[in-house]
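Engineer: Can you keep this structure in mind? I'll have questions shortly.
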Amino acid sequence: MSELHKFLFEGLPVRGMLVRLTEGWQEVLKRREEAGDAFPPPVRELMGEMAAAGVLMQSNISFNGAIVLQVHGDGPVKLAVAEVQSDLAFRVTAKVVGNVPDDARLEALVNVKGHGRCAITLDPQGRVPGQQPYQGVVALHGDKREPLQKLSEVLEHYMLQSEQLDTKLILAADDNTAAGLLIQRLPLEGSRNLERERHEDEIGLNEAYNRIAHLAATLTSEELLTLDAETVLRRLFWEEDVRRFEPVEPRFACTCSRDRVSDMLRNLGQDEVDGIVTEQGKVEVGCDFCGRQYVFDPIDVDELFIPARDQPPGSTALN
């Protein structure tokens with residue numbers, strides 16, 4: 001079962017989260033395979049890490065809307081996207097335009113010429129017309145312009161720049177599990193832990209955070225992917241006083257629908273859609289996130305452009 005565990009270190013300005021995505025992550029890969037569009041192993045690993053990271057970030061700020069994590073650049077992976085809603089429903093996809101080496105890391109996937117970027121977008125629920133989502137963007141290199149090889153390093157760098165808070169992030173993914181561990185220094189100590197004041201002078205200097213982050217860094221990818229949350233937390237922090245909260249269950253969910261696809265086709269215009277039908281005999285649209293195929297035959301297409309009051313009952317073709 002997929003689980004997200006949140007915890008605090010009593011008396012210390014440090015919090016943590018551990019996520020393990022199992023059924024939902026396996027469902028993502030299964031749907032892509034059934035659609036005949038399975039990704040190479042390094043791309044699947046990147047997507048899994050992004051899904052786990054997105055769930056951690058959404059839970060970290062409890063944002064009322066969608067958090068969208070994007071990595072894009074000039075490598076064979078043109079774009080990778082993870083989207084997580086406020087209820088921790090997630091979906092993830094990628095656009096691959098070239099050959100992916102079996103041992104490719106982040107630089108070889110998206111940052112071959114140094115043009116790669118990571119964007120984090122906060123898209124509020126019920127956004128009013130004219131309201132723009134918030135977006136932060138960072139390059140895929142460190143302070144010394146060195147290419148970063150891990151998504152976790154990019155996101156640690158982002159958190160330090162955007163929040164001025166030390167963050168340790170461990171991510172791993174295979175075809176069964178996508179998982180992540182986040183350790184973060186809180187702004188203030190003691191009873192003021194939950195206040196949202198900045199405390200930049202503590203960056204890199206808090207001994208309690210440094211000790212716990214060092215312990216977290218000893219966690220291997222294999223342990224993160226195979227051990228349950230109870231074992232991981234006991235193995236890492238057995239000497240610490242950890243207060244744990246009730247776990248919650250992230251899940252895979254896609255927001256695509258036949259109605260949304262219909263709206264997209266209407267926006268293309270009748271001439272464009274009729275041309276596709278003339279050439280192919282139907283219009284078939286696949287969801288990039290879940291692989292679901294929406295099929296519109298000539299009758300369906302005609303109904304798209306008939307005023308609603310004049311429409312007869314249509315087909316429900318869905319393959």
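Residues are named by chain letter and number: chains run A, B, ... in the order of the structure tokens, numbers start at 1 in each chain, and ligands are numbered from 1 in the order shown.
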Could you give me, as a VMD selection string, each residue of stretch 13-260 of chain A that DSSP assigns to strand (DSSP E or B) when run on this structure's backbone?
Structural biologist: chain A and resid 14 to 21 65 to 72 77 to 84 89 to 96 117 to 124 134 to 139 141 147 167 to 173 178 to 185 242 to 244 248 251 to 252
Engineer: Step one, run DSSP on the backbone; step two, keep only residues of stretch 187-280 of chain A assigned to helix (DSSP H, G or I); then write them as number ranges by chain.
Structural biologist: A: 190-192, 200-202, 207-217, 221-226, 229-237, 258-268, 270-280
Engineer: Under the rule that only C-alpha atoms are counted, which of A:Ser2, A:Thr278, A:Thr121, A:Thr231 is the nearest residue to A:Val301?
Structural biologist: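 Closest to A:Val301, using only C-alpha atoms: A:Thr278.
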Engineer: When you look at A:Val277 with a cut-off of 8 Å (counting only C-alpha atoms), what residues show up, excluding the ones that are within fewer than 4 positions of it in the same chain? I need them as a ChimeraX atom specification.
Structural biologist: /A:273,281-283,297-298
Engineer: Need the shell around A:Met47: protein/DNA/RNA residues with any atom at most 9 Å away, counting only C-alpha atoms. Skip same-chain ones fewer than 5 positions apart. Format as a list in words?
Structural biologist: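 Final neighbour list, sorted by chain and number: Pro42, Ala52, Ala80, Val81, Ala82, Val92, Thr93, Ala94, Ala173 and Ala178 of chain A.
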Engineer: Generate a file of the selected residues that holds N, CA, C and O atoms, formatted as a JSON list (two decimals), in the first residue's frame.
Structural biologist:
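File written: selection_22.json
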```json
[["chain", "number", "residue", "atom", "x", "y", "z"],
["A", 42, "PRO", "N", 15.95, 4.31, -17.46],
["A", 42, "PRO", "CA", 16.36, 5.56, -16.79],
["A", 42, "PRO", "C", 15.24, 6.60, -16.74],
["A", 42, "PRO", "O", 15.16, 7.39, -15.80],
["A", 52, "ALA", "N", 7.52, 10.73, -6.41],
["A", 52, "ALA", "CA", 7.77, 10.71, -4.97],
["A", 52, "ALA", "C", 8.09, 12.11, -4.45],
["A", 52, "ALA", "O", 7.58, 12.54, -3.41],
["A", 80, "ALA", "N", 9.78, 16.03, -18.61],
["A", 80, "ALA", "CA", 9.20, 15.09, -17.66],
["A", 80, "ALA", "C", 8.37, 15.89, -16.67],
["A", 80, "ALA", "O", 8.80, 16.96, -16.21],
["A", 81, "VAL", "N", 7.16, 15.39, -16.37],
["A", 81, "VAL", "CA", 6.22, 16.15, -15.55],
["A", 81, "VAL", "C", 5.60, 15.25, -14.49],
["A", 81, "VAL", "O", 5.19, 14.12, -14.78],
["A", 82, "ALA", "N", 5.53, 15.76, -13.27],
["A", 82, "ALA", "CA", 4.76, 15.11, -12.20],
["A", 82, "ALA", "C", 3.80, 16.14, -11.64],
["A", 82, "ALA", "O", 4.20, 17.28, -11.37],
["A", 92, "VAL", "N", 2.04, 11.31, -13.70],
["A", 92, "VAL", "CA", 3.38, 11.62, -14.17],
["A", 92, "VAL", "C", 3.53, 11.15, -15.60],
["A", 92, "VAL", "O", 2.93, 10.15, -16.01],
["A", 93, "THR", "N", 4.33, 11.87, -16.38],
["A", 93, "THR", "CA", 4.58, 11.48, -17.77],
["A", 93, "THR", "C", 5.92, 12.07, -18.22],
["A", 93, "THR", "O", 6.55, 12.84, -17.50],
["A", 94, "ALA", "N", 6.32, 11.71, -19.44],
["A", 94, "ALA", "CA", 7.56, 12.23, -20.02],
["A", 94, "ALA", "C", 7.44, 12.23, -21.53],
["A", 94, "ALA", "O", 6.66, 11.46, -22.11],
["A", 173, "ALA", "N", 13.70, 4.93, -7.29],
["A", 173, "ALA", "CA", 12.55, 4.33, -7.97],
["A", 173, "ALA", "C", 13.00, 3.14, -8.79],
["A", 173, "ALA", "O", 14.08, 3.14, -9.38],
["A", 178, "ALA", "N", 8.29, 3.70, -5.97],
["A", 178, "ALA", "CA", 8.91, 5.02, -6.05],
["A", 178, "ALA", "C", 8.87, 5.59, -4.64],
["A", 178, "ALA", "O", 7.81, 5.63, -4.01]]
```
Engineer: Residues of stretch 243-273 of chain A within 10 Å of stretch 19-25 of chain A: nearest atom pair and distance (Å, one decimal) for each, counting only C-alpha atoms, sorted by chain and number, as JSON lines?
Structural biologist:
```
{"residue": "A:Pro247", "atom": "CA", "partner": "A:Val19", "partner_atom": "CA", "distance": 9.5}
{"residue": "A:Val248", "atom": "CA", "partner": "A:Val19", "partner_atom": "CA", "distance": 9.5}
{"residue": "A:Glu249", "atom": "CA", "partner": "A:Leu21", "partner_atom": "CA", "distance": 8.8}
{"residue": "A:Pro250", "atom": "CA", "partner": "A:Leu21", "partner_atom": "CA", "distance": 7.2}
{"residue": "A:Arg251", "atom": "CA", "partner": "A:Gly24", "partner_atom": "CA", "distance": 5.3}
{"residue": "A:Phe252", "atom": "CA", "partner": "A:Gly24", "partner_atom": "CA", "distance": 4.6}
{"residue": "A:Ala253", "atom": "CA", "partner": "A:Gly24", "partner_atom": "CA", "distance": 8.1}
```
Engineer: How would the residues just picked look written out with N, CA and C atoms as a PDB file, in the first residue's frame?
Structural biologist:
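Result file part17.pdb:
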```pdb
ATOM      1  N   PRO A 247      -0.302   8.059   9.138  1.00  0.00           N
ATOM      2  CA  PRO A 247       0.040   8.059   7.709  1.00  0.00           C
ATOM      3  C   PRO A 247      -1.177   8.322   6.836  1.00  0.00           C
ATOM      4  N   VAL A 248      -0.911   8.862   5.657  1.00  0.00           N
ATOM      5  CA  VAL A 248      -1.957   9.056   4.656  1.00  0.00           C
ATOM      6  C   VAL A 248      -1.559   8.276   3.408  1.00  0.00           C
ATOM      7  N   GLU A 249      -2.521   8.106   2.493  1.00  0.00           N
ATOM      8  CA  GLU A 249      -2.305   7.226   1.347  1.00  0.00           C
ATOM      9  C   GLU A 249      -2.354   8.013   0.034  1.00  0.00           C
ATOM     10  N   PRO A 250      -1.205   8.295  -0.582  1.00  0.00           N
ATOM     11  CA  PRO A 250      -1.212   8.885  -1.923  1.00  0.00           C
ATOM     12  C   PRO A 250      -1.774   7.872  -2.921  1.00  0.00           C
ATOM     13  N   ARG A 251      -2.257   8.369  -4.054  1.00  0.00           N
ATOM     14  CA  ARG A 251      -2.838   7.464  -5.043  1.00  0.00           C
ATOM     15  C   ARG A 251      -2.623   8.029  -6.438  1.00  0.00           C
ATOM     16  N   PHE A 252      -2.579   7.138  -7.401  1.00  0.00           N
ATOM     17  CA  PHE A 252      -2.544   7.568  -8.793  1.00  0.00           C
ATOM     18  C   PHE A 252      -3.946   7.949  -9.230  1.00  0.00           C
ATOM     19  N   ALA A 253      -4.071   9.083  -9.911  1.00  0.00           N
ATOM     20  CA  ALA A 253      -5.353   9.498 -10.481  1.00  0.00           C
ATOM     21  C   ALA A 253      -5.071  10.444 -11.633  1.00  0.00           C
TER      22      ALA A 253
END
```
Engineer: Pick out the residues sitting within 9 Å of stretch 182-185 of chain A, and hand them over as a PyMOL selection string; count only C-alpha atoms, and ignore anything fewer than 3 positions along from it in its own chain.
Structural biologist: chain A and resi 12-19+53+56-57+165-171+188+203+206+208-210+212-213+216
Engineer: Distance atom CA of A:Gly75-atom CA of A:Lys150, one decimal place?
Structural biologist: 15.0 Å
Engineer: Pick the closest to A:Ala139 from A:Phe90, A:Gly73, A:Met159, A:Cys290: which is it, counting only C-alpha atoms?
Structural biologist: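 Closest to A:Ala139 of all the choices is A:Gly73.
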Engineer: Go through A:Asp103, A:Asp37, A:Glu27, A:Asp123 one by one, measure the shortest atom-to-atom distance of each to A:Glu83 using only C-alpha atoms, and give the residue with the smallest value.
Structural biologist: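 Using only C-alpha atoms, A:Glu83 sits closest to A:Asp123.
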Engineer: Might you pull out every residue within 12 Å of A:Glu239, with only C-alpha atoms counted and same-chain residues fewer than 3 positions away left off, and present them as a count of residues only?
Structural biologist: 10
Engineer: Please identify all polymer residues within 9 Å of stretch 84-88 of chain A, counting only C-alpha atoms, omitting same-chain residues fewer than 5 positions from it, and present them as a list in words.
Structural biologist: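 These residues fall inside the cut-off: Ala51, Gly54, Val55, Met57, Gln58, Ser59, Ser62, Phe63, Asn64, Gly65, Ala66, Ile67, Val68, Leu69, Gln125, Val248, Glu249, Pro250, Arg251 and Phe252 of chain A.
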Engineer: Which of these, A:Arg260, A:Lys78, A:Arg244, A:Arg117, has the shortest distance to A:Val137 once you count only C-alpha atoms?
Structural biologist: A:Arg117
Engineer: Which value, in Å to one decimal, gives the distance between atom CA of A:Gly36 and atom CA of A:Val77?
Structural biologist: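 Separating atom CA of A:Gly36 from atom CA of A:Val77 is a distance of 17.9 Å.
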Engineer: Do you have the atom CA of A:Leu8-atom CA of A:Ala229 distance handy?
Structural biologist: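 The value is 14.6 Å.
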